[in-house]
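Just my_file-v4.cif here, mmCIF, C-alpha atoms:
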data_input
loop_
_atom_site.label_atom_id
_atom_site.label_comp_id
_atom_site.auth_asym_id
_atom_site.auth_seq_id
_atom_site.Cartn_x
_atom_site.Cartn_y
_atom_site.Cartn_z
CA MET H 1 8.82 0.38 -36.17
CA SER H 2 9.13 4.13 -35.56
CA THR H 3 6.50 4.87 -38.19
CA ASP H 4 4.17 2.34 -36.62
CA THR H 5 4.70 3.85 -33.19
CA SER H 6 4.01 7.36 -34.46
CA PHE H 7 0.79 6.17 -35.98
CA VAL H 8 -0.37 4.72 -32.69
CA VAL H 9 0.49 7.92 -30.84
CA ARG H 10 -1.16 10.21 -33.38
CA SER H 11 -4.29 8.11 -33.69
CA HIS H 12 -4.95 8.18 -29.97
CA GLU H 13 -3.67 11.47 -28.70
CA GLU H 14 -6.96 13.34 -28.97
CA ASN H 15 -8.67 10.68 -26.88
CA TRP H 16 -6.05 10.23 -24.18
CA LEU H 17 -7.62 12.38 -21.48
CA PRO H 18 -11.04 10.66 -21.32
CA VAL H 19 -9.32 7.26 -21.50
CA LEU H 20 -6.96 8.23 -18.68
CA GLU H 21 -9.86 9.56 -16.61
CA LEU H 22 -11.80 6.33 -17.12
CA ALA H 23 -8.75 4.24 -16.20
CA VAL H 24 -8.32 6.26 -13.00
CA GLU H 25 -12.01 6.08 -12.06
CA GLU H 26 -12.09 2.29 -12.51
CA VAL H 27 -8.99 1.69 -10.39
CA PHE H 28 -10.29 3.87 -7.54
CA GLU H 29 -13.74 2.29 -7.65
CA ILE H 30 -12.59 -1.33 -7.82
CA MET H 31 -9.56 -1.20 -5.51
CA LEU H 32 -10.60 1.53 -3.07
CA GLY H 33 -14.38 1.29 -3.27
CA CYS H 34 -14.52 5.01 -4.00
CA ARG H 35 -16.15 6.84 -6.88
CA VAL H 36 -14.02 9.76 -8.01
CA LYS H 37 -14.60 12.38 -10.66
CA PRO H 38 -12.07 14.73 -12.25
CA VAL H 39 -11.94 18.38 -11.26
CA ALA H 40 -10.29 21.26 -13.10
CA PRO H 41 -6.52 20.96 -12.46
CA SER H 42 -6.26 24.72 -12.02
CA GLU H 43 -8.69 24.60 -9.10
CA GLN H 44 -6.94 21.90 -7.12
CA THR H 45 -3.23 21.23 -7.10
CA PRO H 46 -1.98 18.58 -4.70
CA ASN H 47 0.99 19.14 -2.45
CA ALA H 48 3.09 16.37 -3.99
CA GLU H 49 4.62 14.83 -0.88
CA PHE H 50 4.29 11.43 -2.55
CA THR H 51 4.83 10.81 -6.27
CA ALA H 52 4.52 7.32 -7.73
CA MET H 53 5.84 6.88 -11.26
CA ILE H 54 5.91 4.14 -13.83
CA GLY H 55 7.69 4.08 -17.16
CA LEU H 56 6.12 3.10 -20.46
CA ALA H 57 8.24 1.82 -23.35
CA GLY H 58 7.40 0.65 -26.84
CA ALA H 59 4.41 1.96 -28.78
CA LEU H 60 3.95 4.54 -26.03
CA CYS H 61 7.14 5.85 -24.47
CA GLY H 62 7.06 8.10 -21.43
CA ILE H 63 6.03 8.17 -17.81
CA LEU H 64 2.83 8.12 -15.78
CA THR H 65 2.83 9.74 -12.35
CA VAL H 66 0.38 9.86 -9.45
CA SER H 67 0.95 12.65 -6.90
CA CYS H 68 -0.75 13.59 -3.64
CA ASP H 69 0.03 14.80 -0.15
CA ALA H 70 1.18 12.43 2.60
CA LYS H 71 -2.17 12.34 4.41
CA THR H 72 -4.00 11.39 1.22
CA ALA H 73 -1.41 8.73 0.36
CA ALA H 74 -1.93 7.23 3.83
CA GLN H 75 -5.70 7.32 3.34
CA ILE H 76 -5.34 5.53 -0.01
CA ALA H 77 -3.27 2.82 1.68
CA LYS H 78 -5.86 2.52 4.45
CA SER H 79 -8.65 2.14 1.90
CA MET H 80 -6.71 -0.62 0.16
CA LEU H 81 -5.63 -2.50 3.26
CA GLY H 82 -8.38 -1.79 5.75
CA ASP H 83 -7.64 -0.74 9.28
CA THR H 84 -4.35 -2.57 9.62
CA ALA H 85 -1.52 -0.26 10.55
CA GLN H 86 0.39 1.05 7.56
CA SER H 87 4.08 1.92 7.64
CA MET H 88 5.51 4.64 5.41
CA GLU H 89 6.85 1.84 3.23
CA GLU H 90 3.36 0.38 2.80
CA VAL H 91 1.93 3.81 1.99
CA GLY H 92 4.46 4.21 -0.82
CA ASP H 93 3.89 0.64 -1.95
CA ALA H 94 0.12 1.22 -2.11
CA LEU H 95 0.48 4.41 -4.16
CA GLY H 96 2.93 2.62 -6.47
CA GLU H 97 0.40 -0.15 -7.05
CA ILE H 98 -2.33 2.38 -7.79
CA CYS H 99 0.00 3.99 -10.34
CA ASN H 100 0.81 0.57 -11.80
CA MET H 101 -2.86 -0.36 -12.18
CA ILE H 102 -3.78 3.00 -13.72
CA ALA H 103 -0.97 2.65 -16.27
CA GLY H 104 -1.96 -0.94 -17.08
CA ASN H 105 -5.64 -0.11 -17.27
CA PHE H 106 -4.89 2.90 -19.50
CA LYS H 107 -2.82 0.96 -22.02
CA ASN H 108 -5.27 -1.94 -22.00
CA LYS H 109 -7.93 0.49 -23.21
CA LEU H 110 -5.91 1.72 -26.19
CA ALA H 111 -6.59 -0.68 -29.03
CA GLY H 112 -3.41 -1.63 -30.85
CA THR H 113 -1.17 -0.28 -28.13
CA ASP H 114 -1.39 -2.83 -25.37
CA GLU H 115 0.52 -5.56 -27.20
CA ARG H 116 3.46 -3.28 -27.89
CA CYS H 117 3.75 -1.21 -24.73
CA MET H 118 5.68 -2.39 -21.69
CA LEU H 119 5.51 -1.08 -18.15
CA SER H 120 8.36 -0.71 -15.70
CA VAL H 121 8.01 -1.61 -12.06
CA PRO H 122 6.77 1.42 -10.09
CA THR H 123 9.01 3.86 -8.23
CA VAL H 124 7.79 6.11 -5.41
CA VAL H 125 9.41 9.34 -4.22
CA SER H 126 8.39 10.93 -0.93
CA GLY H 127 9.42 14.10 0.83
CA GLU H 128 8.69 17.79 0.84
CA GLU H 129 11.48 19.41 -1.09
CA TYR H 130 11.88 17.68 -4.39
CA SER H 131 10.94 18.55 -7.92
CA PHE H 132 10.16 16.10 -10.64
CA HIS H 133 11.16 16.55 -14.28
CA SER H 134 10.44 14.07 -17.02
CA LEU H 135 12.69 14.03 -20.08
CA ALA H 136 9.66 13.05 -22.15
CA ASP H 137 9.23 16.02 -24.44
CA GLY H 138 5.99 15.18 -26.20
CA ASN H 139 2.34 15.51 -25.32
CA SER H 140 1.12 15.32 -21.78
CA VAL H 141 -2.31 14.96 -20.25
CA GLU H 142 -3.26 15.44 -16.64
CA THR H 143 -6.34 14.73 -14.61
CA VAL H 144 -6.91 15.80 -11.03
CA LEU H 145 -9.48 14.02 -8.90
CA LEU H 146 -10.68 14.51 -5.38
CA PHE H 147 -10.18 11.54 -3.07
CA GLU H 148 -11.98 12.16 0.21
CA GLY H 149 -11.82 15.87 -0.54
CA ALA H 150 -8.09 15.99 -1.28
CA PRO H 151 -6.60 16.35 -4.77
CA VAL H 152 -4.71 13.52 -6.48
CA ALA H 153 -2.99 14.36 -9.78
CA VAL H 154 -2.45 11.75 -12.48
CA ARG H 155 -0.19 12.88 -15.30
CA LEU H 156 0.91 11.09 -18.46
CA GLN H 157 3.94 12.54 -20.24
CA LEU H 158 5.00 11.02 -23.53
CA GLN H 159 8.10 11.25 -25.64
CA SER H 160 7.50 12.65 -29.11
CA MET G 1 -13.82 -27.38 2.67
CA ASP G 2 -10.17 -28.47 2.90
CA LYS G 3 -7.66 -26.00 4.16
CA ILE G 4 -5.55 -24.50 1.38
CA ARG G 5 -1.86 -23.62 1.38
CA ALA G 6 -1.20 -20.73 -1.00
CA LEU G 7 1.89 -19.09 -2.44
CA ILE G 8 1.40 -15.42 -3.37
CA VAL G 9 4.08 -13.88 -5.60
CA ASP G 10 4.10 -10.11 -6.10
CA ASP G 11 6.76 -7.45 -5.63
CA SER G 12 4.21 -5.31 -3.77
CA SER G 13 3.59 -6.34 -0.16
CA VAL G 14 0.33 -4.36 -0.28
CA MET G 15 -0.85 -6.38 -3.26
CA ARG G 16 0.11 -9.65 -1.55
CA LYS G 17 -2.13 -8.66 1.38
CA ILE G 18 -4.98 -7.74 -0.96
CA VAL G 19 -4.72 -11.04 -2.82
CA GLU G 20 -4.74 -12.95 0.49
CA ARG G 21 -7.79 -10.99 1.65
CA SER G 22 -9.53 -11.70 -1.66
CA LEU G 23 -8.90 -15.43 -1.25
CA ARG G 24 -10.45 -15.34 2.22
CA GLN G 25 -13.41 -13.30 0.89
CA ALA G 26 -13.86 -16.00 -1.77
CA GLY G 27 -14.50 -18.44 1.04
CA ILE G 28 -11.17 -20.22 0.77
CA ASP G 29 -10.03 -21.57 4.11
CA LEU G 30 -6.35 -20.70 4.14
CA ASP G 31 -4.16 -22.93 6.24
CA LYS G 32 -0.91 -21.22 5.30
CA VAL G 33 0.14 -18.33 3.07
CA VAL G 34 3.70 -18.22 1.76
CA GLU G 35 4.84 -14.93 0.20
CA ALA G 36 7.55 -14.15 -2.34
CA SER G 37 8.44 -10.86 -4.00
CA ASN G 38 9.69 -12.27 -7.32
CA GLY G 39 9.91 -15.49 -9.30
CA ALA G 40 13.33 -16.48 -8.00
CA GLU G 41 12.20 -16.13 -4.38
CA ALA G 42 9.09 -18.12 -5.25
CA LEU G 43 11.14 -21.02 -6.62
CA VAL G 44 13.15 -21.10 -3.39
CA ALA G 45 9.95 -20.92 -1.35
CA LEU G 46 8.59 -23.93 -3.22
CA GLN G 47 11.68 -25.95 -2.29
CA ASN G 48 10.75 -25.46 1.36
CA ASN G 49 6.95 -25.40 1.27
CA VAL G 50 4.27 -27.60 -0.28
CA VAL G 51 1.37 -25.50 -1.56
CA ASP G 52 -1.99 -26.16 -3.22
CA LEU G 53 -2.34 -22.90 -5.16
CA ILE G 54 -0.05 -20.23 -6.60
CA LEU G 55 -1.08 -16.65 -7.44
CA CYS G 56 1.55 -14.74 -9.35
CA ASP G 57 2.15 -11.25 -10.77
CA ILE G 58 4.00 -10.85 -14.09
CA ASN G 59 6.02 -7.60 -13.89
CA MET G 60 8.52 -8.19 -11.12
CA PRO G 61 12.26 -7.56 -10.74
CA VAL G 62 14.87 -10.36 -10.70
CA MET G 63 12.59 -12.99 -12.29
CA ASP G 64 9.22 -12.11 -13.80
CA GLY G 65 6.08 -14.17 -13.47
CA LEU G 66 6.20 -15.70 -16.94
CA GLU G 67 9.71 -17.05 -16.37
CA PHE G 68 8.65 -18.35 -12.97
CA VAL G 69 5.77 -20.30 -14.55
CA ARG G 70 8.16 -21.74 -17.13
CA GLN G 71 10.53 -22.92 -14.39
CA VAL G 72 8.05 -24.12 -11.79
CA HIS G 73 8.07 -27.65 -13.22
CA THR G 74 11.64 -27.99 -11.93
CA VAL G 75 10.19 -28.28 -8.42
CA ASP G 76 8.69 -31.76 -8.13
CA SER G 77 6.14 -30.89 -5.46
CA ALA G 78 4.83 -27.93 -7.50
CA LYS G 79 4.47 -29.57 -10.92
CA ASP G 80 0.70 -29.95 -10.71
CA VAL G 81 -0.11 -26.95 -8.55
CA PRO G 82 -2.56 -24.60 -10.32
CA ILE G 83 -1.13 -21.15 -11.05
CA VAL G 84 -3.28 -18.06 -11.53
CA MET G 85 -1.66 -14.90 -12.89
CA ILE G 86 -2.82 -11.60 -11.33
CA THR G 87 -1.35 -8.73 -13.32
CA THR G 88 -1.81 -5.33 -14.93
CA GLU G 89 -0.65 -6.83 -18.22
CA GLY G 90 -3.85 -7.37 -20.16
CA SER G 91 -2.66 -8.06 -23.69
CA GLU G 92 -3.67 -11.22 -25.47
CA SER G 93 -0.02 -12.12 -26.03
CA HIS G 94 0.62 -12.05 -22.28
CA VAL G 95 -2.42 -14.24 -21.67
CA VAL G 96 -1.31 -16.70 -24.34
CA GLN G 97 2.28 -16.76 -23.04
CA ALA G 98 1.08 -17.38 -19.49
CA LEU G 99 -1.36 -20.13 -20.42
CA THR G 100 1.15 -21.74 -22.78
CA ALA G 101 3.75 -21.74 -20.01
CA GLY G 102 1.35 -23.58 -17.75
CA ALA G 103 -0.77 -21.02 -15.90
CA ARG G 104 -4.37 -22.14 -15.40
CA GLY G 105 -6.00 -18.76 -14.87
CA TYR G 106 -5.49 -15.08 -15.64
CA ILE G 107 -6.89 -12.12 -13.70
CA ARG G 108 -6.28 -8.52 -14.74
CA LYS G 109 -5.65 -5.81 -12.14
CA PRO G 110 -7.67 -4.00 -10.94
CA PHE G 111 -9.72 -6.98 -9.81
CA THR G 112 -12.65 -7.68 -7.53
CA PRO G 113 -12.87 -10.48 -4.94
CA ASP G 114 -15.63 -11.99 -7.11
CA GLN G 115 -13.17 -12.34 -10.00
CA VAL G 116 -10.74 -14.16 -7.72
CA LYS G 117 -13.56 -16.44 -6.59
CA GLU G 118 -14.64 -17.12 -10.17
CA HIS G 119 -11.14 -18.02 -11.37
CA VAL G 120 -9.71 -19.79 -8.34
CA LEU G 121 -12.50 -21.94 -6.87
CA PRO G 122 -12.90 -24.19 -9.96
CA LEU G 123 -9.17 -24.91 -9.86
CA LEU G 124 -9.58 -26.15 -6.31
CA GLY G 125 -12.48 -28.38 -7.33
CA LYS G 126 -15.09 -26.09 -5.86
CA LYS G 127 -18.04 -24.29 -7.40
CA SER G 128 -17.60 -20.53 -7.82
#

With the file now loaded, output its structure as structure tokens.
Amino acid sequence: MSTDTSFVVRSHEENWLPVLELAVEEVFEIMLGCRVKPVAPSEQTPNAEFTAMIGLAGALCGILTVSCDAKTAAQIAKSMLGDTAQSMEEVGDALGEICNMIAGNFKNKLAGTDERCMLSVPTVVSGEEYSFHSLADGNSVETVLLFEGAPVAVRLQLQS
Amino acid sequence: MDKIRALIVDDSSVMRKIVERSLRQAGIDLDKVVEASNGAEALVALQNNVVDLILCDINMPVMDGLEFVRQVHTVDSAKDVPIVMITTEGSESHVVQALTAGARGYIRKPFTPDQVKEHVLPLLGKKS
């Protein structure tokens, strides 16, 4: 099993970033009606007042996170739900679902991985003074996109 | 078009709203929408509500969607109600498990209202 898992990880790692970017673009276009393109992460770093995270276990083991500032998270929720009033709980819920769909869409695009990779239910952290550390010590890829002019970071960290 | 009573099962309240909106956009005249946040809640909801259609996520706490579909036959009034899975799980094994358990349709997230229309209307005896 471990050998098989290593093979899957090695065979895909060089292609993870474009696959992740495509997964992100599709989720934003279909669920938010918004075309987004990645920007250089060094140019735009979001103030991570909201971080949604989802665990991956099996052939891929690690965590996928989506981070943005509070105003952008609220705008994402508004785009998903329309003009109905959104509570802080709904804003977190919306970002968690975006994270969930990106993770699912990403693994569905990796041939041979989807059948043997499970997703956790999403968790969302909000606030201003927190730091996030994943114990996954392997490769990581990150894409930053601009949603209505504000950066949203999507990061995949995998256990080696 | 007859009015439809729907049960929407998803641990995300945002996603339940989006599914309901997609049903309305598909032209389905909703008489009543019952919501549940996991399979166990959905089974209880079915004891108290008669519905014509069930839309259900898979990855949920307490009881997941596949187990819910396996157990739904225990509720007499829900035995023949069509169930459509709406989930991020896109693997063939999940699709096979869901359809084997009794689901009649399978939609992968992210989804468009057109996909909901295409999968749901035929189950209600309507053209998509």

| said: Using all atoms listed in the file for the distances, tell me which of G:Gln47, G:Ser13, G:His119, G:Leu53 is nearest to chain H. | reply: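 For chain H, the nearest of the candidates is G:Ser13.
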
Residue list for chain H near chain G as a compact mmCIF listing (two decimals) with C-alpha atoms, in the frame of the given file, 7 Å, all atoms listed in the file:
# COMPACT_ATOMS: atom_id res chain seq x y z
CA VAL H 27 -8.99 1.69 -10.39
CA ILE H 30 -12.59 -1.33 -7.82
CA MET H 31 -9.56 -1.20 -5.51
CA LEU H 81 -5.63 -2.50 3.26
CA GLU H 90 3.36 0.38 2.80
CA ASP H 93 3.89 0.64 -1.95
CA ALA H 94 0.12 1.22 -2.11
CA MET H 101 -2.86 -0.36 -12.18
CA GLY H 104 -1.96 -0.94 -17.08
CA ASN H 105 -5.64 -0.11 -17.27
CA ASN H 108 -5.27 -1.94 -22.00
CA ASP H 114 -1.39 -2.83 -25.37
CA GLU H 115 0.52 -5.56 -27.20
CA VAL H 121 8.01 -1.61 -12.06

| field | Point-to-point distance in Å for atom CA of H:Pro122 and atom CA of H:Gly62 | value |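 We find that atom CA of H:Gly62 and atom CA of H:Pro122 lie 13.2 Å from each other.
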
Got a sec: who's within 10 Å of stretch 6-10 of chain G, counting all atoms listed in the file, leaving out chain neighbours fewer than 2 positions off, as a PDB file with C-alpha atoms, keeping the file's coordinate frame?
ATOM      1  CA  LYS G   3      -7.660 -26.000   4.160  1.00  0.00           C
ATOM      2  CA  ILE G   4      -5.550 -24.500   1.380  1.00  0.00           C
ATOM      3  CA  SER G  12       4.210  -5.310  -3.770  1.00  0.00           C
ATOM      4  CA  SER G  13       3.590  -6.340  -0.160  1.00  0.00           C
ATOM      5  CA  VAL G  14       0.330  -4.360  -0.280  1.00  0.00           C
ATOM      6  CA  MET G  15      -0.850  -6.380  -3.260  1.00  0.00           C
ATOM      7  CA  ARG G  16       0.110  -9.650  -1.550  1.00  0.00           C
ATOM      8  CA  LYS G  17      -2.130  -8.660   1.380  1.00  0.00           C
ATOM      9  CA  VAL G  19      -4.720 -11.040  -2.820  1.00  0.00           C
ATOM     10  CA  GLU G  20      -4.740 -12.950   0.490  1.00  0.00           C
ATOM     11  CA  LEU G  23      -8.900 -15.430  -1.250  1.00  0.00           C
ATOM     12  CA  LEU G  30      -6.350 -20.700   4.140  1.00  0.00           C
ATOM     13  CA  ASP G  31      -4.160 -22.930   6.240  1.00  0.00           C
ATOM     14  CA  LYS G  32      -0.910 -21.220   5.300  1.00  0.00           C
ATOM     15  CA  VAL G  33       0.140 -18.330   3.070  1.00  0.00           C
ATOM     16  CA  VAL G  34       3.700 -18.220   1.760  1.00  0.00           C
ATOM     17  CA  GLU G  35       4.840 -14.930   0.200  1.00  0.00           C
ATOM     18  CA  ALA G  36       7.550 -14.150  -2.340  1.00  0.00           C
ATOM     19  CA  SER G  37       8.440 -10.860  -4.000  1.00  0.00           C
ATOM     20  CA  ASN G  38       9.690 -12.270  -7.320  1.00  0.00           C
ATOM     21  CA  GLY G  39       9.910 -15.490  -9.300  1.00  0.00           C
ATOM     22  CA  ALA G  40      13.330 -16.480  -8.000  1.00  0.00           C
ATOM     23  CA  GLU G  41      12.200 -16.130  -4.380  1.00  0.00           C
ATOM     24  CA  ALA G  42       9.090 -18.120  -5.250  1.00  0.00           C
ATOM     25  CA  ALA G  45       9.950 -20.920  -1.350  1.00  0.00           C
ATOM     26  CA  LEU G  46       8.590 -23.930  -3.220  1.00  0.00           C
ATOM     27  CA  ASN G  49       6.950 -25.400   1.270  1.00  0.00           C
ATOM     28  CA  VAL G  50       4.270 -27.600  -0.280  1.00  0.00           C
ATOM     29  CA  VAL G  51       1.370 -25.500  -1.560  1.00  0.00           C
ATOM     30  CA  ASP G  52      -1.990 -26.160  -3.220  1.00  0.00           C
ATOM     31  CA  LEU G  53      -2.340 -22.900  -5.160  1.00  0.00           C
ATOM     32  CA  ILE G  54      -0.050 -20.230  -6.600  1.00  0.00           C
ATOM     33  CA  LEU G  55      -1.080 -16.650  -7.440  1.00  0.00           C
ATOM     34  CA  CYS G  56       1.550 -14.740  -9.350  1.00  0.00           C
ATOM     35  CA  ASP G  57       2.150 -11.250 -10.770  1.00  0.00           C
ATOM     36  CA  ILE G  58       4.000 -10.850 -14.090  1.00  0.00           C
ATOM     37  CA  ASN G  59       6.020  -7.600 -13.890  1.00  0.00           C
ATOM     38  CA  MET G  60       8.520  -8.190 -11.120  1.00  0.00           C
ATOM     39  CA  PRO G  61      12.260  -7.560 -10.740  1.00  0.00           C
ATOM     40  CA  ASP G  64       9.220 -12.110 -13.800  1.00  0.00           C
ATOM     41  CA  GLY G  65       6.080 -14.170 -13.470  1.00  0.00           C
ATOM     42  CA  PHE G  68       8.650 -18.350 -12.970  1.00  0.00           C
ATOM     43  CA  VAL G  81      -0.110 -26.950  -8.550  1.00  0.00           C
ATOM     44  CA  ILE G  83      -1.130 -21.150 -11.050  1.00  0.00           C
ATOM     45  CA  VAL G  84      -3.280 -18.060 -11.530  1.00  0.00           C
ATOM     46  CA  MET G  85      -1.660 -14.900 -12.890  1.00  0.00           C
ATOM     47  CA  ILE G  86      -2.820 -11.600 -11.330  1.00  0.00           C
ATOM     48  CA  THR G  87      -1.350  -8.730 -13.320  1.00  0.00           C
TER      49      THR G  87
END

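Nearest residue to G:Leu99, choosing from G:Val120, G:Leu66, G:Ala78, G:Val72 and counting all atoms listed in the file: G:Leu66.
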
| Residue neighbourhood H:Ala52, 7 Å, only C-alpha atoms, exclusion window fewer than 4 positions, as a PyMOL selection string | chain H and resi 65-67+95-96+99+122-125

Write the selection just made, keeping C-alpha atoms, as an mmCIF file, in the coordinates of the input?
data_model
loop_
_atom_site.group_PDB
_atom_site.id
_atom_site.type_symbol
_atom_site.label_atom_id
_atom_site.label_comp_id
_atom_site.auth_asym_id
_atom_site.auth_seq_id
_atom_site.Cartn_x
_atom_site.Cartn_y
_atom_site.Cartn_z
ATOM 1 C CA THR H 65 2.830 9.740 -12.350
ATOM 2 C CA VAL H 66 0.380 9.860 -9.450
ATOM 3 C CA SER H 67 0.950 12.650 -6.900
ATOM 4 C CA LEU H 95 0.480 4.410 -4.160
ATOM 5 C CA GLY H 96 2.930 2.620 -6.470
ATOM 6 C CA CYS H 99 0.000 3.990 -10.340
ATOM 7 C CA PRO H 122 6.770 1.420 -10.090
ATOM 8 C CA THR H 123 9.010 3.860 -8.230
ATOM 9 C CA VAL H 124 7.790 6.110 -5.410
ATOM 10 C CA VAL H 125 9.410 9.340 -4.220
#

Could stretch 57-75 of chain G be completed with N, CA and C atoms and returned as a PDB file, in the frame of the given file?
ATOM      1  N   ASP G  57       2.076 -12.445  -9.927  1.00  0.00           N
ATOM      2  CA  ASP G  57       2.150 -11.250 -10.770  1.00  0.00           C
ATOM      3  C   ASP G  57       3.057 -11.558 -11.970  1.00  0.00           C
ATOM      4  N   ILE G  58       3.073 -10.669 -12.964  1.00  0.00           N
ATOM      5  CA  ILE G  58       4.000 -10.850 -14.090  1.00  0.00           C
ATOM      6  C   ILE G  58       5.187  -9.887 -13.984  1.00  0.00           C
ATOM      7  N   ASN G  59       4.919  -8.588 -13.902  1.00  0.00           N
ATOM      8  CA  ASN G  59       6.020  -7.600 -13.890  1.00  0.00           C
ATOM      9  C   ASN G  59       6.658  -7.536 -12.515  1.00  0.00           C
ATOM     10  N   MET G  60       7.787  -8.204 -12.384  1.00  0.00           N
ATOM     11  CA  MET G  60       8.520  -8.190 -11.120  1.00  0.00           C
ATOM     12  C   MET G  60      10.018  -8.137 -11.431  1.00  0.00           C
ATOM     13  N   PRO G  61      10.815  -7.553 -10.534  1.00  0.00           N
ATOM     14  CA  PRO G  61      12.260  -7.560 -10.740  1.00  0.00           C
ATOM     15  C   PRO G  61      12.846  -8.950 -10.506  1.00  0.00           C
ATOM     16  N   VAL G  62      14.077  -9.135 -10.884  1.00  0.00           N
ATOM     17  CA  VAL G  62      14.870 -10.360 -10.700  1.00  0.00           C
ATOM     18  C   VAL G  62      14.378 -11.476 -11.633  1.00  0.00           C
ATOM     19  N   MET G  63      13.200 -12.006 -11.388  1.00  0.00           N
ATOM     20  CA  MET G  63      12.590 -12.990 -12.290  1.00  0.00           C
ATOM     21  C   MET G  63      11.107 -12.680 -12.406  1.00  0.00           C
ATOM     22  N   ASP G  64      10.638 -12.462 -13.637  1.00  0.00           N
ATOM     23  CA  ASP G  64       9.220 -12.110 -13.800  1.00  0.00           C
ATOM     24  C   ASP G  64       8.329 -13.346 -13.700  1.00  0.00           C
ATOM     25  N   GLY G  65       7.042 -13.094 -13.695  1.00  0.00           N
ATOM     26  CA  GLY G  65       6.080 -14.170 -13.470  1.00  0.00           C
ATOM     27  C   GLY G  65       6.036 -15.189 -14.584  1.00  0.00           C
ATOM     28  N   LEU G  66       6.236 -14.753 -15.821  1.00  0.00           N
ATOM     29  CA  LEU G  66       6.200 -15.700 -16.940  1.00  0.00           C
ATOM     30  C   LEU G  66       7.373 -16.679 -16.837  1.00  0.00           C
ATOM     31  N   GLU G  67       8.548 -16.170 -16.504  1.00  0.00           N
ATOM     32  CA  GLU G  67       9.710 -17.050 -16.370  1.00  0.00           C
ATOM     33  C   GLU G  67       9.522 -18.003 -15.191  1.00  0.00           C
ATOM     34  N   PHE G  68       8.929 -17.485 -14.121  1.00  0.00           N
ATOM     35  CA  PHE G  68       8.650 -18.350 -12.970  1.00  0.00           C
ATOM     36  C   PHE G  68       7.750 -19.520 -13.379  1.00  0.00           C
ATOM     37  N   VAL G  69       6.703 -19.227 -14.137  1.00  0.00           N
ATOM     38  CA  VAL G  69       5.770 -20.300 -14.550  1.00  0.00           C
ATOM     39  C   VAL G  69       6.499 -21.317 -15.426  1.00  0.00           C
ATOM     40  N   ARG G  70       7.405 -20.820 -16.276  1.00  0.00           N
ATOM     41  CA  ARG G  70       8.160 -21.740 -17.130  1.00  0.00           C
ATOM     42  C   ARG G  70       9.068 -22.663 -16.304  1.00  0.00           C
ATOM     43  N   GLN G  71       9.553 -22.153 -15.174  1.00  0.00           N
ATOM     44  CA  GLN G  71      10.530 -22.920 -14.390  1.00  0.00           C
ATOM     45  C   GLN G  71       9.910 -23.725 -13.242  1.00  0.00           C
ATOM     46  N   VAL G  72       8.633 -23.514 -12.992  1.00  0.00           N
ATOM     47  CA  VAL G  72       8.050 -24.120 -11.790  1.00  0.00           C
ATOM     48  C   VAL G  72       8.050 -25.647 -11.867  1.00  0.00           C
ATOM     49  N   HIS G  73       8.077 -26.195 -13.092  1.00  0.00           N
ATOM     50  CA  HIS G  73       8.070 -27.650 -13.220  1.00  0.00           C
ATOM     51  C   HIS G  73       9.355 -28.279 -12.698  1.00  0.00           C
ATOM     52  N   THR G  74      10.387 -27.452 -12.466  1.00  0.00           N
ATOM     53  CA  THR G  74      11.640 -27.990 -11.930  1.00  0.00           C
ATOM     54  C   THR G  74      11.514 -28.369 -10.454  1.00  0.00           C
ATOM     55  N   VAL G  75      10.434 -27.917  -9.829  1.00  0.00           N
ATOM     56  CA  VAL G  75      10.190 -28.280  -8.420  1.00  0.00           C
ATOM     57  C   VAL G  75       9.143 -29.396  -8.408  1.00  0.00           C
TER      58      VAL G  75
END
